[in-house]
Amino acid sequence: PFVITIHDLLLMHFPTRRASSLGALSYWIKNKAFRIVIKRAIKRARHIMAPSEYTKKDIQNTFQRPAEAITVLHQAPTNFNANSQASISSYEVKQPYVLYVGVAYPHKNLAFLLKAWTIFKKKYKTDHQLVIVGKENYFYQQLLSSDAWKKAPDVRYTGFIPDAELPKMYQSAALYVMPSLYEGYALPCLEAMQYNLPVISSQATCLPDVLKDAAVFFNPFDAEALVEAINRGLTDETLRKTIVSAGQKLLTHYSAKTLAEKTLIIYQKTVDNL
């Protein structure tokens with residue numbers, strides 16, 4: 001008997017080779033194996049934990065597990081052990097800037113972000129820089145060689161930044177942007193909120209549910225909508241203060257201690273019912 005945590009069903013909804021560096025046959029085998037394993041695991045699990053209501057409903061609708069078999073347990077953002085000596089200048093980043101932290105898988109929608117950023121810079125002629133942080137791999141290499149990257153002005157890719165230096169990147173930014181098409185949760189947004197950084201986010205999947213009123217939302221297929229969200233997020237001081245304040249209140253509901261305690265209860269109940 002076992003309990004399982006399902007963070008998302010990404011590979012059920014984005015089964016594309018663009019999300020893999022494998023060859024066609026290897027990718028097909030891997031995806032087929034994933035589907036078999038996750039279907040069996042969800043069917044046989046005594047209980048399932050999910051990070052958001054969206055993921056819970058996704059599991060219910062995709063695998064027909066009853067609602068009572070799935071518990072939503074919200075995660076807390078990472079509390080980094082900050083390095084006070086960290087400096088953004090060592091990454092050739094200049095203020096003011098808009099920040100994205102994360103991977104470059106296709107569903108993260110970074111090509112769309114670059115397209116919107118190009119429109120934003122042309123329309124509003126600001127001196128802001130777009131800073132993208134993430135460990136270099138196959139997907140970042142694809143992004144860096146794309147036409148969208150080559151056309152986008154004032155964009156800086158830093159590569160990997162150690163956890164101890166990330167707080168300085170958040171603290172020094174003017175705005176955080178999440179353009180994703182699919183998420184099971186929203187940890188980078190919550191990390192940004194810890195440092196009083198205003199957040200603008202895609203309205204896709206779980207993001208409105210997790211971020212609630214602590215972000216400005218936009219359609220992740222509409223570049224003009226993102227352009228205007230960026231502009232509002234940078235220039236509307238009343239809005240900025242409102243969503244920062246809402247972010248601080250939101251964070252009080254996402255506790256690592258509470259997550260641990262509720263997880264323990266689920267395991268205990270599972271053991272007691274054997």
# chains A, B, ... in the order shown; residues from 1 in each chain; ligands from 1
call {"tool": "residues_around", "arguments": {"residues": "Val271 (chain A)", "least_positions_apart": "6", "cutoff": "12 Å", "atoms": "only C-alpha atoms", "output": "PyMOL selection string"}}
result
chain A and resi 1-3+46-47+264-265
call {"tool": "residues_around", "arguments": {"residues": "region 227-240 of chain A", "least_positions_apart": "5", "cutoff": "7 Å", "atoms": "only C-alpha atoms", "output": "NGL selection string"}}
result
:A and (116-117 or 119-120 or 174-175 or 198 or 200 or 216 or 218)
call {"tool": "write_last_selection", "arguments": {"atoms": "C-alpha atoms", "output": "PDB file, in the first residue's frame"}}
result
ATOM      1  CA  ALA A 116       5.418  40.393 -26.112  1.00  0.00           C
ATOM      2  CA  TRP A 117       8.583  41.969 -24.707  1.00  0.00           C
ATOM      3  CA  ILE A 119       6.207  44.749 -28.677  1.00  0.00           C
ATOM      4  CA  PHE A 120       6.374  46.301 -25.203  1.00  0.00           C
ATOM      5  CA  ALA A 174      10.747  45.777 -10.698  1.00  0.00           C
ATOM      6  CA  LEU A 175       8.294  43.041 -11.707  1.00  0.00           C
ATOM      7  CA  PRO A 198       4.742  42.522  -7.824  1.00  0.00           C
ATOM      8  CA  ILE A 200       1.935  39.335 -13.296  1.00  0.00           C
ATOM      9  CA  VAL A 216      -2.329  40.698 -12.394  1.00  0.00           C
ATOM     10  CA  PHE A 218      -3.275  37.918 -18.638  1.00  0.00           C
TER      11      PHE A 218
END
call {"tool": "select_by_dssp", "arguments": {"residues": "region 15-231 of chain A", "states": "strand (DSSP E or B)", "output": "NGL selection string"}}
result
:A and (47-50 or 70-72 or 97-101 or 129-133 or 155-159 or 175-178 or 199-202 or 216-218)
call {"tool": "write_last_selection", "arguments": {"atoms": "C-alpha atoms", "output": "compact mmCIF listing (two decimals), in the first residue's frame"}}
result
# COMPACT_ATOMS: atom_id res chain seq x y z
CA HIS A 47 -4.56 8.27 -1.17
CA ILE A 48 -3.34 11.03 -3.50
CA MET A 49 -1.89 14.41 -2.59
CA ALA A 50 -1.98 17.34 -5.04
CA ILE A 70 -7.40 13.32 -3.23
CA THR A 71 -6.25 15.99 -0.75
CA VAL A 72 -4.96 19.40 -1.78
CA TYR A 97 14.33 44.94 -14.96
CA VAL A 98 11.48 42.47 -15.29
CA LEU A 99 12.33 38.98 -14.02
CA TYR A 100 11.55 35.37 -14.94
CA VAL A 101 13.06 32.44 -13.00
CA GLN A 129 15.64 45.00 -19.21
CA LEU A 130 14.08 41.51 -19.29
CA VAL A 131 16.16 39.13 -17.17
CA ILE A 132 15.71 35.37 -17.56
CA VAL A 133 17.26 33.06 -14.95
CA VAL A 155 17.11 40.77 -22.77
CA ARG A 156 19.66 39.21 -20.45
CA TYR A 157 20.01 35.47 -19.83
CA THR A 158 22.02 34.82 -16.65
CA GLY A 159 22.19 31.03 -16.67
CA LEU A 175 8.29 43.04 -11.71
CA TYR A 176 8.00 39.25 -11.91
CA VAL A 177 6.37 37.59 -14.92
CA MET A 178 4.96 34.05 -15.28
CA VAL A 199 3.67 39.53 -9.94
CA ILE A 200 1.93 39.33 -13.30
CA SER A 201 0.84 35.87 -14.35
CA SER A 202 -0.81 33.84 -17.05
CA VAL A 216 -2.33 40.70 -12.39
CA PHE A 217 -3.48 38.02 -14.85
CA PHE A 218 -3.27 37.92 -18.64
call {"tool": "residues_around", "arguments": {"residues": "Ala82 (chain A)", "least_positions_apart": "6", "cutoff": "12 Å", "atoms": "only C-alpha atoms", "output": "ChimeraX atom specification"}}
result
/A:162-171,195
call {"tool": "write_last_selection", "arguments": {"atoms": "all heavy atoms", "output": "mmCIF file, in the first residue's frame"}}
result
data_model
loop_
_atom_site.group_PDB
_atom_site.id
_atom_site.type_symbol
_atom_site.label_atom_id
_atom_site.label_comp_id
_atom_site.auth_asym_id
_atom_site.auth_seq_id
_atom_site.Cartn_x
_atom_site.Cartn_y
_atom_site.Cartn_z
ATOM 1 N N PRO A 162 22.868 30.447 -8.008
ATOM 2 C CA PRO A 162 22.705 29.677 -6.764
ATOM 3 C C PRO A 162 21.573 30.214 -5.895
ATOM 4 O O PRO A 162 21.284 31.424 -5.911
ATOM 5 C CB PRO A 162 24.064 29.853 -6.063
ATOM 6 C CG PRO A 162 25.011 30.220 -7.148
ATOM 7 C CD PRO A 162 24.222 31.010 -8.150
ATOM 8 N N ASP A 163 20.951 29.320 -5.129
ATOM 9 C CA ASP A 163 19.823 29.715 -4.281
ATOM 10 C C ASP A 163 20.165 30.878 -3.357
ATOM 11 O O ASP A 163 19.330 31.753 -3.108
ATOM 12 C CB ASP A 163 19.368 28.526 -3.432
ATOM 13 C CG ASP A 163 18.628 27.481 -4.260
ATOM 14 O OD1 ASP A 163 18.336 27.755 -5.437
ATOM 15 O OD2 ASP A 163 18.360 26.384 -3.722
ATOM 16 N N ALA A 164 21.380 30.897 -2.853
ATOM 17 C CA ALA A 164 21.765 31.950 -1.906
ATOM 18 C C ALA A 164 21.808 33.327 -2.557
ATOM 19 O O ALA A 164 21.711 34.349 -1.871
ATOM 20 C CB ALA A 164 23.130 31.639 -1.295
ATOM 21 N N GLU A 165 21.929 33.369 -3.874
ATOM 22 C CA GLU A 165 22.008 34.652 -4.577
ATOM 23 C C GLU A 165 20.692 35.048 -5.240
ATOM 24 O O GLU A 165 20.542 36.184 -5.700
ATOM 25 C CB GLU A 165 23.130 34.598 -5.618
ATOM 26 C CG GLU A 165 24.498 34.380 -4.979
ATOM 27 C CD GLU A 165 25.630 34.324 -6.001
ATOM 28 O OE1 GLU A 165 25.425 34.778 -7.138
ATOM 29 O OE2 GLU A 165 26.708 33.812 -5.649
ATOM 30 N N LEU A 166 19.725 34.122 -5.283
ATOM 31 C CA LEU A 166 18.439 34.439 -5.899
ATOM 32 C C LEU A 166 17.677 35.559 -5.182
ATOM 33 O O LEU A 166 17.035 36.382 -5.842
ATOM 34 C CB LEU A 166 17.567 33.184 -5.958
ATOM 35 C CG LEU A 166 17.655 32.354 -7.241
ATOM 36 C CD1 LEU A 166 16.777 31.114 -7.124
ATOM 37 C CD2 LEU A 166 17.267 33.164 -8.460
ATOM 38 N N PRO A 167 17.700 35.622 -3.832
ATOM 39 C CA PRO A 167 16.968 36.716 -3.180
ATOM 40 C C PRO A 167 17.351 38.093 -3.707
ATOM 41 O O PRO A 167 16.487 38.958 -3.868
ATOM 42 C CB PRO A 167 17.355 36.550 -1.697
ATOM 43 C CG PRO A 167 17.578 35.084 -1.551
ATOM 44 C CD PRO A 167 18.250 34.676 -2.834
ATOM 45 N N LYS A 168 18.629 38.307 -3.985
ATOM 46 C CA LYS A 168 19.066 39.605 -4.501
ATOM 47 C C LYS A 168 18.446 39.883 -5.861
ATOM 48 O O LYS A 168 18.091 41.027 -6.177
ATOM 49 C CB LYS A 168 20.600 39.624 -4.606
ATOM 50 C CG LYS A 168 21.169 41.016 -4.851
ATOM 51 C CD LYS A 168 20.916 41.934 -3.671
ATOM 52 C CE LYS A 168 21.566 43.289 -3.864
ATOM 53 N NZ LYS A 168 21.316 44.182 -2.722
ATOM 54 N N MET A 169 18.296 38.835 -6.692
ATOM 55 C CA MET A 169 17.670 39.008 -8.001
ATOM 56 C C MET A 169 16.205 39.411 -7.853
ATOM 57 O O MET A 169 15.717 40.294 -8.566
ATOM 58 C CB MET A 169 17.770 37.709 -8.809
ATOM 59 C CG MET A 169 19.179 37.275 -9.143
ATOM 60 S SD MET A 169 20.102 38.484 -10.135
ATOM 61 C CE MET A 169 19.082 38.555 -11.608
ATOM 62 N N TYR A 170 15.505 38.766 -6.909
ATOM 63 C CA TYR A 170 14.111 39.134 -6.660
ATOM 64 C C TYR A 170 14.007 40.547 -6.077
ATOM 65 O O TYR A 170 13.167 41.349 -6.507
ATOM 66 C CB TYR A 170 13.474 38.140 -5.684
ATOM 67 C CG TYR A 170 13.124 36.788 -6.264
ATOM 68 C CD1 TYR A 170 13.647 35.616 -5.727
ATOM 69 C CD2 TYR A 170 12.239 36.672 -7.335
ATOM 70 C CE1 TYR A 170 13.312 34.365 -6.239
ATOM 71 C CE2 TYR A 170 11.899 35.421 -7.849
ATOM 72 C CZ TYR A 170 12.443 34.284 -7.306
ATOM 73 O OH TYR A 170 12.102 33.046 -7.822
ATOM 74 N N GLN A 171 14.835 40.845 -5.102
ATOM 75 C CA GLN A 171 14.769 42.136 -4.417
ATOM 76 C C GLN A 171 15.071 43.309 -5.336
ATOM 77 O O GLN A 171 14.542 44.408 -5.144
ATOM 78 C CB GLN A 171 15.752 42.142 -3.238
ATOM 79 C CG GLN A 171 15.357 41.220 -2.108
ATOM 80 C CD GLN A 171 16.497 40.979 -1.128
ATOM 81 O OE1 GLN A 171 17.644 41.347 -1.383
ATOM 82 N NE2 GLN A 171 16.199 40.335 -0.001
ATOM 83 N N TYR A 195 9.637 38.639 -1.458
ATOM 84 C CA TYR A 195 10.526 39.800 -1.515
ATOM 85 C C TYR A 195 9.793 41.055 -1.977
ATOM 86 O O TYR A 195 10.402 41.981 -2.509
ATOM 87 C CB TYR A 195 11.725 39.473 -2.413
ATOM 88 C CG TYR A 195 12.454 38.245 -1.929
ATOM 89 C CD1 TYR A 195 12.252 37.000 -2.526
ATOM 90 C CD2 TYR A 195 13.292 38.311 -0.821
ATOM 91 C CE1 TYR A 195 12.889 35.862 -2.046
ATOM 92 C CE2 TYR A 195 13.925 37.182 -0.329
ATOM 93 C CZ TYR A 195 13.716 35.961 -0.951
ATOM 94 O OH TYR A 195 14.336 34.844 -0.463
#
call {"tool": "closest_residue", "arguments": {"among": "A:Ser52, A:Ser172, A:Asn61, A:Thr5", "to": "Ile88 (chain A)", "atoms": "only C-alpha atoms"}}
result
A:Ser172
call {"tool": "closest_residue", "arguments": {"among": "A:Asp154, A:Lys32, A:Lys125, A:Val103", "to": "Asn137 (chain A)", "atoms": "only C-alpha atoms"}}
result
A:Val103
call {"tool": "select_by_dssp", "arguments": {"residues": "region 155-205 of chain A", "states": "alpha helix (DSSP H)", "output": "VMD selection string"}}
result
chain A and resid 166 to 172 187 to 194
call {"tool": "closest_residue", "arguments": {"among": "A:Arg44, A:Arg65, A:His253, A:Lys108", "to": "Leu181 (chain A)", "atoms": "only C-alpha atoms"}}
result
A:Lys108
call {"tool": "closest_residue", "arguments": {"among": "A:Leu114, A:Leu207, A:Ala45, A:Leu197", "to": "Glu183 (chain A)", "atoms": "only C-alpha atoms"}}
result
A:Leu207
call {"tool": "closest_residue", "arguments": {"among": "A:Glu136, A:Glu68, A:Asp209, A:Asp8", "to": "Glu53 (chain A)", "atoms": "only C-alpha atoms"}}
result
A:Asp209
call {"tool": "atom_distance", "arguments": {"atom1": "CA of Phe139 (chain A)", "atom2": "CA of Pro106 (chain A)"}}
result
7.9 Å
call {"tool": "atom_distance", "arguments": {"atom1": "CA of Leu259 (chain A)", "atom2": "CA of Cys206 (chain A)"}}
result
18.2 Å
